[in-house]
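Undergrad: CSV, C-alpha atoms, file start_37.csv:
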```
chain,number,residue,atom,x,y,z
A,434,MET,CA,0.0,0.0,0.0
A,435,VAL,CA,1.2,3.4,-0.8
A,436,ILE,CA,-0.4,5.5,1.9
A,437,ASP,CA,0.6,5.7,5.6
A,438,GLU,CA,-2.2,3.5,6.9
A,439,ALA,CA,-1.6,4.1,10.6
A,440,ARG,CA,-2.3,7.8,10.1
A,441,PHE,CA,-5.3,7.1,7.8
A,442,GLU,CA,-6.9,4.7,10.3
A,443,GLN,CA,-7.2,7.6,12.8
A,444,ARG,CA,-9.2,9.7,10.4
A,445,TYR,CA,-10.9,7.1,8.1
A,446,ASP,CA,-12.7,3.7,8.4
A,447,LEU,CA,-10.4,1.5,6.2
A,448,LEU,CA,-11.3,-1.8,4.5
A,449,LYS,CA,-8.4,-3.5,2.9
A,450,LEU,CA,-9.1,-6.2,0.3
A,451,LYS,CA,-6.6,-8.1,-1.7
A,452,VAL,CA,-7.7,-9.5,-5.1
A,453,LEU,CA,-6.1,-12.9,-5.8
A,454,SER,CA,-6.6,-15.3,-8.6
A,455,SER,CA,-8.8,-17.4,-6.3
A,456,SER,CA,-11.0,-14.4,-5.2
A,457,GLN,CA,-14.6,-14.5,-6.3
A,458,ILE,CA,-15.7,-11.3,-8.1
A,459,SER,CA,-19.2,-11.4,-6.6
A,460,SER,CA,-18.0,-11.6,-3.0
A,461,ARG,CA,-15.6,-8.7,-3.5
A,462,ILE,CA,-18.3,-6.6,-5.2
A,463,ALA,CA,-20.7,-7.4,-2.3
A,464,SER,CA,-18.1,-6.3,0.3
A,465,VAL,CA,-17.4,-3.0,-1.5
A,466,ILE,CA,-21.1,-2.1,-2.0
A,467,SER,CA,-22.1,-3.0,1.5
A,468,LYS,CA,-19.2,-1.0,3.1
A,469,ILE,CA,-19.9,2.1,1.0
A,470,THR,CA,-23.7,2.0,1.4
A,471,GLN,CA,-23.7,1.3,5.1
A,472,PRO,CA,-25.3,4.0,7.2
A,473,LYS,CA,-23.0,7.0,7.7
A,474,ALA,CA,-20.4,6.3,10.3
A,475,ALA,CA,-18.5,8.8,12.4
A,476,LYS,CA,-15.5,8.6,10.0
A,477,PRO,CA,-15.6,8.5,6.2
A,478,THR,CA,-14.9,5.1,4.6
A,479,ILE,CA,-11.9,4.2,2.3
A,480,ILE,CA,-11.9,0.8,0.6
A,481,ILE,CA,-8.4,-0.3,-0.5
A,482,LEU,CA,-8.4,-2.9,-3.3
A,483,SER,CA,-5.0,-4.2,-4.5
A,484,ALA,CA,-3.9,-6.8,-6.9
A,485,ARG,CA,-0.7,-7.9,-8.6
A,486,ALA,CA,-0.3,-7.5,-12.3
A,487,ASN,CA,-1.4,-11.0,-13.2
A,488,VAL,CA,-4.9,-10.4,-11.7
A,489,ALA,CA,-5.3,-6.7,-12.3
A,490,ASN,CA,-8.0,-7.5,-14.8
A,491,LYS,CA,-10.1,-9.0,-12.1
A,492,LEU,CA,-9.5,-6.0,-9.9
A,493,ILE,CA,-10.7,-3.7,-12.7
A,494,SER,CA,-13.8,-5.8,-13.2
A,495,ILE,CA,-14.6,-5.7,-9.5
A,496,VAL,CA,-14.2,-1.9,-9.4
A,497,GLU,CA,-16.2,-1.2,-12.6
A,498,ILE,CA,-19.1,-3.5,-11.6
A,499,ALA,CA,-19.2,-1.9,-8.1
A,500,LYS,CA,-19.1,1.6,-9.6
A,501,ARG,CA,-22.0,0.8,-12.0
A,502,GLU,CA,-24.1,-0.6,-9.1
A,503,LEU,CA,-23.3,2.4,-6.8
A,504,ALA,CA,-24.2,4.8,-9.7
A,505,SER,CA,-27.5,3.1,-10.1
A,506,GLN,CA,-28.2,3.7,-6.4
A,507,ASN,CA,-27.1,7.3,-6.6
A,508,VAL,CA,-24.3,6.8,-4.2
A,509,LYS,CA,-21.4,9.4,-4.4
A,510,PHE,CA,-17.9,8.1,-4.1
A,511,PHE,CA,-14.3,9.1,-5.1
A,512,GLN,CA,-11.8,6.8,-6.8
A,513,TYR,CA,-8.0,7.1,-6.7
A,514,ASN,CA,-5.7,4.7,-8.6
A,515,ALA,CA,-2.0,3.8,-7.8
A,516,LEU,CA,0.6,1.8,-9.6
A,517,THR,CA,3.5,0.5,-7.5
A,518,SER,CA,5.7,-2.5,-7.4
A,519,GLU,CA,6.4,-5.2,-4.8
A,520,LEU,CA,9.6,-7.3,-4.4
A,521,ILE,CA,8.8,-11.0,-4.3
A,522,ASP,CA,10.7,-14.2,-4.2
A,523,ILE,CA,10.1,-16.7,-7.0
A,524,PRO,CA,11.6,-20.2,-7.1
A,525,ARG,CA,14.6,-20.8,-9.4
A,526,ASP,CA,14.4,-23.1,-12.3
A,527,SER,CA,16.1,-26.3,-11.1
A,528,ARG,CA,17.0,-27.5,-14.7
A,529,LYS,CA,20.5,-26.9,-15.9
A,530,LYS,CA,20.6,-24.8,-19.1
A,531,THR,CA,22.9,-25.9,-21.9
A,532,SER,CA,23.4,-23.8,-25.0
A,533,GLY,CA,24.0,-25.2,-28.4
A,534,SER,CA,27.2,-23.3,-28.9
A,535,ASN,CA,29.0,-25.1,-26.1
A,536,VAL,CA,28.5,-28.5,-27.7
A,537,ARG,CA,31.4,-29.6,-29.9
A,538,ALA,CA,32.1,-32.6,-32.0
A,539,GLU,CA,34.8,-35.0,-30.8
A,540,GLY,CA,38.4,-33.9,-31.6
A,541,GLU,CA,37.3,-30.4,-32.3
A,542,GLU,CA,39.4,-27.8,-30.4
A,543,ASP,CA,38.3,-24.5,-29.1
A,544,GLU,CA,40.0,-21.8,-31.2
A,545,GLN,CA,39.2,-19.0,-28.8
A,546,SER,CA,40.0,-18.7,-25.2
A,547,ASP,CA,37.0,-18.8,-22.8
A,548,ASP,CA,39.0,-17.1,-20.0
A,549,ALA,CA,37.1,-13.9,-20.6
A,550,PHE,CA,33.8,-15.6,-19.8
A,551,GLU,CA,33.4,-17.0,-16.4
A,552,THR,CA,30.3,-18.3,-14.8
A,553,THR,CA,29.1,-17.0,-11.4
A,554,GLY,CA,28.8,-20.4,-10.1
A,555,VAL,CA,25.9,-22.2,-8.5
A,556,PRO,CA,23.2,-19.8,-7.1
A,557,THR,CA,23.3,-19.7,-3.3
A,558,SER,CA,19.5,-19.6,-2.7
A,559,ALA,CA,16.5,-21.6,-4.0
A,560,THR,CA,14.7,-18.3,-4.9
A,561,LYS,CA,15.3,-15.2,-6.8
A,562,LYS,CA,13.9,-11.7,-6.3
A,563,ARG,CA,11.7,-10.0,-8.8
A,564,SER,CA,9.8,-6.7,-8.8
A,565,VAL,CA,6.1,-7.3,-9.7
A,566,PRO,CA,3.7,-4.4,-10.5
A,567,VAL,CA,0.8,-3.9,-8.1
A,568,MET,CA,-2.4,-1.9,-8.9
A,569,THR,CA,-4.2,-0.3,-6.0
A,570,VAL,CA,-7.6,1.3,-6.2
A,571,TYR,CA,-9.0,3.5,-3.4
A,572,LEU,CA,-12.7,4.0,-3.2
A,573,ALA,CA,-13.7,6.7,-0.7
A,574,THR,CA,-17.1,8.1,0.5
A,575,ALA,CA,-15.5,11.6,0.9
A,576,PRO,CA,-12.8,13.4,-1.0
A,577,VAL,CA,-9.3,12.6,0.3
A,578,LYS,CA,-6.9,15.4,-0.4
A,579,GLU,CA,-3.8,13.4,0.4
A,580,LEU,CA,-4.8,10.8,-2.2
A,581,LYS,CA,-5.8,13.5,-4.7
A,582,ALA,CA,-2.4,15.2,-4.3
A,583,GLN,CA,-0.5,11.9,-4.7
A,584,PHE,CA,-2.5,10.2,-7.5
A,585,GLY,CA,-4.9,12.8,-9.0
A,586,TYR,CA,-8.6,12.5,-9.5
A,587,ALA,CA,-10.8,12.4,-12.5
A,588,GLU,CA,-14.6,13.0,-12.2
A,589,PRO,CA,-16.7,9.9,-13.1
A,590,GLY,CA,-17.5,9.9,-16.7
A,591,MET,CA,-14.7,12.2,-17.7
A,592,ILE,CA,-11.8,10.9,-19.9
A,593,PRO,CA,-8.5,12.5,-19.0
A,594,ARG,CA,-6.6,13.9,-22.0
```
I'd like the structure from this file rewritten - as structure tokens, please.

TA:
Amino acid sequence: MVIDEARFEQRYDLLKLKVLSSSQISSRIASVISKITQPKAAKPTIIILSARANVANKLISIVEIAKRELASQNVKFFQYNALTSELIDIPRDSRKKTSGSNVRAEGEEDEQSDDAFETTGVPTSATKKRSVPVMTVYLATAPVKELKAQFGYAEPGMIPR
């Protein structure tokens, strides 16, 4: 998450939802709609939906369907979008890679010296680090000037140019 959640929890009622490949769209939509349409609480509500790049399409579907439902109920809300990245560990491929250029016929000598090309050796860990894009959508029941300053805001139905 991009915002300082500890500070935001003092002023806003936060609901954090992660969208995974196993998440059901209908259950996430129901959570978003019920939280935004609940009777007015003492603090404004912010719903934070986040997903990695491989399931961002599911996140967008959830948000767009929820927006359509909220618009049909004449509920006013504000949307802010953020794109960030997250460092994750992924397993290394255990297969050894062989390139076709290293394979020689018997009796054939190497004409060039391979001293300039050294391998780094065997990897020390079973995983490798990768940066994965993360999309976060904030739906708020009231305008949030910190989010507007950081991410901008487009009125519903307007296409930014």

Undergrad: Find the residue from A:Leu482, A:Ile523, A:Ile436, A:Leu447 that sits nearest to Lys561 in chain A; use only C-alpha atoms when measuring.

TA: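 Among A:Leu482, A:Ile523, A:Ile436, A:Leu447, it is A:Ile523 that comes nearest to Lys561 in chain A.
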
Undergrad: With distances taken over all atoms listed in the file, which residue among A:Ser467, A:Leu453, A:Ser564, A:Ala486 lies nearest Val508 in chain A?

TA: A:Ser467

Undergrad: Smallest atom-to-atom distance to Asn490 in chain A: which of A:Thr557, A:Glu579, A:Phe510, A:Thr569, using all atoms listed in the file?

TA: A:Thr569

Undergrad: For Val567 in chain A, which residue out of A:Lys451, A:Asp522, A:Gln506, A:Ile480 is the nearest one, using all atoms listed in the file?

TA: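 Nearest to Val567 in chain A: A:Lys451.
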
Undergrad: Interatomic distance between CA of Phe441 in chain A and CA of Ala474 in chain A?

TA: 15.3 Å

Undergrad: Between CA of Lys562 in chain A and CA of Asn487 in chain A, measure the distance and give it in Å to one decimal.

TA: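 If I compute the distance from CA of Lys562 in chain A to CA of Asn487 in chain A, I get 16.8 Å.
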
Undergrad: Give, as lines of an AutoDock Vina configuration file, the centre coordinates and the x, y and z edge lengths in Å to one decimal for an axis-aligned box around all listed atoms of range 500-503 of chain A, padded by 3 Å on each side.

TA:
```
center_x = -21.6
center_y = 0.9
center_z = -9.4
size_x = 11.0
size_y = 9.0
size_z = 11.2
```

Undergrad: What is the CA of Ile462 in chain A-CA of Tyr445 in chain A distance in Å, reported with one decimal?

TA: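 Computing it gives 20.5 Å between the two atoms.
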
Undergrad: For Glu519 in chain A, please output as a ChimeraX atom specification all residues within 10 Å (counting all atoms listed in the file; exclusion window: fewer than 4 positions along the same chain).

TA: /A:434,485,563-567

Undergrad: Please identify all polymer residues within 10 Å of Asn514 in chain A, counting all atoms listed in the file, omitting same-chain residues fewer than 4 positions from it, and present them as a list in words.

TA: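 Final neighbour list, sorted by chain and number: Ile481, Leu482, Ser483, Met568, Thr569, Val570, Tyr571, Leu572, Leu580, Lys581, Gln583, Phe584, Gly585 and Tyr586 of chain A.
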
Undergrad: May I ask which of the residues A:Thr478, A:Ser459, A:Thr470, A:Ser454 is the closest one to Asn507 in chain A, counting only C-alpha atoms?

TA: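 Closest to Asn507 in chain A, using only C-alpha atoms: A:Thr470.
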
Undergrad: Have a look at A:Ala515, A:Leu520, A:Ile466, A:Ser460 and name the one nearest to Arg501 in chain A; count all atoms listed in the file.

TA: A:Ile466

Undergrad: Identify the residues around (-15.7, 5.4, 4.9) within a radius of 7 Å, measuring from all atoms listed in the file in the coordinates stated by the file, and give them as a list in words.

TA: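 Those residues lying close to the given coordinates are Tyr445, Asp446, Leu447, Ile469, Lys476, Pro477, Thr478, Ile479, Ala573 and Thr574 of chain A.
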